[in-house]
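Scroll down for the structure; my scribbles are underneath it.
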Amino acid sequence: MVKMSSVDALVAQIQGLSGNSSDIHQLHGHLKQSDQFLHAESTRLAPVLAQLDPAKHSLGYLYLLEAVTSVPFTKERANELVVVVARFINACTAKQIRLAPDKFISVCRRFKDQVMLLEAPMRAVAPLLTAIQKLQPSTEHLTTLHADFLLVCLSTKCYKTGLRLLEDNISEVDQPRDFFLYCYYGGMICIGQKHFRKALELLHNVVTAPMSTLSAIAVEAYKKYILVSLIHLGQFTTSFPKYTSSAAQRSLKNYCQPYLELANSYSTGKISELQTFVQMNRDKFVVDTNLGLVKQVVSSMYKRNIQRLTQTYLTLSLQDIANTVQLSSPKEAEMHVLQMIQDGEIYAAINQKDGMVRFLEDPEQYKTCEMIEHVDSSIQRMMALSKKLTAMDEKMSCDPSYVSKAGRERQRFDFDDFDGVPQRFNL
């Protein structure tokens with residue numbers, strides 16, 4: 001009875017102190033003090049939520065809901081909580097929940113676990129996207145929920161919804177692991193949509209990100225990076241950019257030998273050798289869940305070999321193309337050529353009467369209104385990026401911890417080894 005009176009008193013405080021900013025901060029102090037008590041009473045708090053409005057009393061509702069979801073739950077109970085949490089995410093006030101971001105993240109992650117338990121991940125897609133938008137101070141900020149949302153999109157194959165989030169330019173990251181998972185899952189979503197260029201960018205970020213010890217996420221990203229490079233670029237280079245961490249440069253290749261050998265086999269241009277290698281290492285690719293991508297690598301070799309023919313011949317028969325690139329028939333060669341024309345990978349015309357293919361020059365003259373607008377848009381984006389990088393560089397140069405570290409490092413090297421040290425910090 002005493003405990004329920006304490007709960008009723010807390011509910012009264014939540015209802016009375018959710019009106020303005022000063023009261024909200026006072027309420028937040030009371031909620032922090034009551035947090036241990038709320039978890040002790042977590043099994044009795046669910047009915048109390050009905051007394052609160054998730055829009056008006058978002059902060060208090062969040063503390064109670066976090067306590068309610070902190071205990072193990074059955075499938076039946078999970079089904080009830082999913083509805084409650086989804087309603088709260090949609091109704092809550094962003095300003096209030098940002099006062100307790102860790103609580104909000106915990107509720108959302110448990111919500112994701114609940115829908116996974118119910119084998120209904122689709123129910124989490126829209127609420128998690130809303131949660132991210134309410135938690136973010138700006139679209140440039142990466143939250144812990146980004147990776148969870150992208151994982152749900154992968155589970156439901158809602159790739160297009162995931163792509164919407166990947167359009168944001170992220171420049172603020174709180175936790176390195178969040179960034180690793182965001183880029184890894186984002187790369188997988190782009191692969192699912194065959195946006196290989198964007199996938200390469202995201203996977204590259206994982207591989208080259210700063211790390212003191214080798215990350216398992218980086219290993220898996222590197223495997224996919226090799227495969228996507230072969231599919232999209234037709235080649236792969238084993239050298240790392242100079243800004244790659246020493247941990248990655250030292251150890252990454254040791255965990256990806258079958259993929260590096262695949263790239264070597266691919267570089268020969270011999271489809272039969274590549275197919276033999278894939279068959280011999282099939283089990284390894286299956287264990288890594290990369291067999292589908294490996295099959296796309298094999299298929300892309302036909303395209304690369306056809307592209308090489310465009311550099312040598314002006315006209316060629318479909319039969320000759322089939323023989324040269326080791327396709328089974330002229331009809332199969334025709335299907336490959338037509339698909340490559342449609343995808344803009346080659347410029348050619350097929351004469352159906354005599355089965356001849358005429359290779360053409362790129363028809364783009366780069367002087368249409370659409371192309372001018374595209375170039376101008378690219379220039380504007382580069383200018384905005386340059387401005388952003390300059391601002392970040394200035395902010396970092398003024399950061400006391402950076403200046404202190406730079407000063408210590410400076411003693412280990414000659415003065416000439418340093419580029420761009422701000423003048424005001426010169427001694």
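Every chain in the structure tokens takes a letter, A first, then B, and so on in the order presented; its residues are numbered from 1, and the ligands are numbered from 1 following the presented order.
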Extract, using only C-alpha atoms, all DNA, RNA and protein residues at most 12 Å from A:Arg282, discarding same-chain residues fewer than 2 positions from it, and format them as JSON, numbers by chain. {"A": [258, 259, 262, 274, 275, 276, 277, 278, 279, 280, 284, 285, 286, 287, 288, 289, 290, 291, 292, 293, 294, 295]}
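Taking only stretch 289-379 of chain A, the residues that DSSP calls strand (DSSP E) from the backbone come to Thr315, Leu316, Ser317, Ala348, Ala349, Ile350, Asn351, Met356, Val357, Arg358 and Phe359 of chain A.
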Could the residues of stretch 133-201 of chain A that have an atom at most 12 Å from stretch 212-225 of chain A be listed as a tab-separated table, each with its closest atom pair and the distance in Å to one decimal, counting only C-alpha atoms and ordered by chain and ascending residue number?
residue	atom	partner	partner_atom	distance
A:Pro176	CA	A:Ser215	CA	10.8
A:Arg177	CA	A:Ile217	CA	8.9
A:Asp178	CA	A:Ile217	CA	11.0
A:Phe179	CA	A:Ile217	CA	10.6
A:Phe180	CA	A:Ile217	CA	6.8
A:Leu181	CA	A:Ile217	CA	7.3
A:Tyr182	CA	A:Ile217	CA	10.6
A:Cys183	CA	A:Ala221	CA	8.9
A:Tyr184	CA	A:Ala221	CA	6.2
A:Tyr185	CA	A:Ala221	CA	9.3
A:Gly186	CA	A:Ala221	CA	10.8
A:Gly187	CA	A:Ala221	CA	8.4
A:Met188	CA	A:Lys224	CA	8.6
A:Cys190	CA	A:Lys224	CA	11.7
A:Ile191	CA	A:Lys224	CA	9.4
A:Phe196	CA	A:Tyr225	CA	9.8
A:Arg197	CA	A:Tyr225	CA	10.7
A:Lys198	CA	A:Tyr225	CA	11.2
A:Ala199	CA	A:Tyr225	CA	8.1
A:Leu200	CA	A:Tyr225	CA	6.2
A:Glu201	CA	A:Tyr225	CA	9.1
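Shortest separation to A:Ile105 among A:Glu261, A:Glu80, A:Glu66, A:Asp343 occurs at residue A:Glu66, atoms counted being only C-alpha atoms.
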Shell of 12 Å around stretch 87-89 of chain A, only C-alpha atoms, local chain residues under 2 positions omitted, as a ChimeraX atom specification: /A:49-50,52-66,80-85,91-94,97,104-105,107-108,111,123-135
As a ChimeraX atom specification, please: the residues near A:Thr139 (cut-off 8 Å, only C-alpha atoms, same-chain neighbours under 6 positions excluded). /A:133,168-170
Output as JSON, numbers by chain all residues of stretch 198-368 of chain A that backbone DSSP marks as alpha helix (DSSP H). {"A": [198, 199, 200, 201, 202, 203, 204, 205, 206, 207, 208, 216, 217, 218, 219, 220, 221, 222, 223, 224, 225, 226, 227, 228, 229, 230, 231, 232, 233, 246, 247, 248, 249, 250, 251, 257, 258, 259, 260, 261, 262, 263, 264, 265, 266, 267, 271, 272, 273, 274, 275, 276, 277, 278, 279, 280, 282, 283, 284, 285, 286, 287, 291, 292, 293, 294, 295, 296, 297, 298, 299, 300, 301, 302, 303, 304, 305, 306, 307, 308, 309, 310, 318, 319, 320, 321, 322, 323, 324, 330, 331, 332, 333, 334, 335, 336, 337, 338, 339, 340, 341, 342]}
Please build the interface table for stretch 292-313 of chain A against stretch 235-249 of chain A with a cut-off of 12 Å, listing for each qualifying residue the nearest atom pair and the distance in Å to one decimal; count only C-alpha atoms, order rows by chain and increasing number, and write it as a tab-separated table.
residue	atom	partner	partner_atom	distance
A:Val297	CA	A:Gln235	CA	10.5
A:Ser300	CA	A:Gln235	CA	10.7
A:Met301	CA	A:Gln235	CA	10.1
A:Arg304	CA	A:Gln235	CA	9.6
Resulting file, chosen residues, C-alpha atoms, as a PDB file, in the first residue's frame:
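Listing of out_17.pdb after writing:
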ATOM      1  CA  VAL A 297      30.909 -11.650 -59.190  1.00  0.00           C
ATOM      2  CA  SER A 300      29.953  -9.708 -63.758  1.00  0.00           C
ATOM      3  CA  MET A 301      32.998 -11.300 -65.376  1.00  0.00           C
ATOM      4  CA  ARG A 304      33.813  -7.197 -68.061  1.00  0.00           C
TER       5      ARG A 304
END
Mind pulling up the distance from atom CA of A:Ser251 to atom CA of A:Val298? 27.0 Å
For A:Pro363, list every protein, DNA or RNA residue within 12 Å, evaluated using only C-alpha atoms, and leave out those in the same chain fewer than 4 positions away; present the list as a ChimeraX atom specification. /A:344,346-348,359,367-368
How close does each residue of stretch 107-198 of chain A get to stretch 70-77 of chain A, giving the shortest atom pair and distance in Å to one decimal for every residue with an atom at most 12 Å away, counting only C-alpha atoms, sorted by chain and residue number, as a tab-separated table?
residue	atom	partner	partner_atom	distance
A:Val107	CA	A:Ser70	CA	8.4
A:Cys108	CA	A:Ser70	CA	11.5
A:Arg109	CA	A:Ser70	CA	10.9
A:Arg110	CA	A:Ser70	CA	8.1
A:Phe111	CA	A:Ser70	CA	10.7
A:Asp113	CA	A:Phe73	CA	10.6
A:Gln114	CA	A:Lys75	CA	8.0
A:Val115	CA	A:Lys75	CA	9.4
A:Met116	CA	A:Lys75	CA	10.2
A:Leu117	CA	A:Lys75	CA	6.9
A:Leu118	CA	A:Lys75	CA	6.4
A:Glu119	CA	A:Lys75	CA	10.0
A:Ala120	CA	A:Lys75	CA	11.5
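Residue neighbourhood of stretch 318-331 of chain A, excluding near-sequence residues (fewer than 2 positions): Ile271, Tyr302, Asn305, Ile306, Leu316, Ala333, Glu334, Met335, Gly355, Met356 and Val357 of chain A, at 8 Å, using only C-alpha atoms.
Of the residues listed (A:Asp283, A:Gln51, A:Gln36, A:Lys194), A:Gln51 shows the shortest atom-to-atom separation from A:Gln15; distances use only C-alpha atoms.
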Separation of atom CA of A:Gln311 and atom CA of A:Glu370, in Å?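 Separation between atom CA of A:Gln311 and atom CA of A:Glu370: 28.3 Å.
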I'd like the neighbourhood of A:His141 as JSON, numbers by chain, where a residue qualifies if any of its atoms comes within 7 Å (using only C-alpha atoms), though same-chain residues fewer than 2 positions away should be ignored. {"A": [136, 137, 138, 139, 143, 170, 171, 172, 173]}
Between atom CA of A:Ser18 and atom CA of A:Gln96, distance in Å (one decimal): 9.0 Å
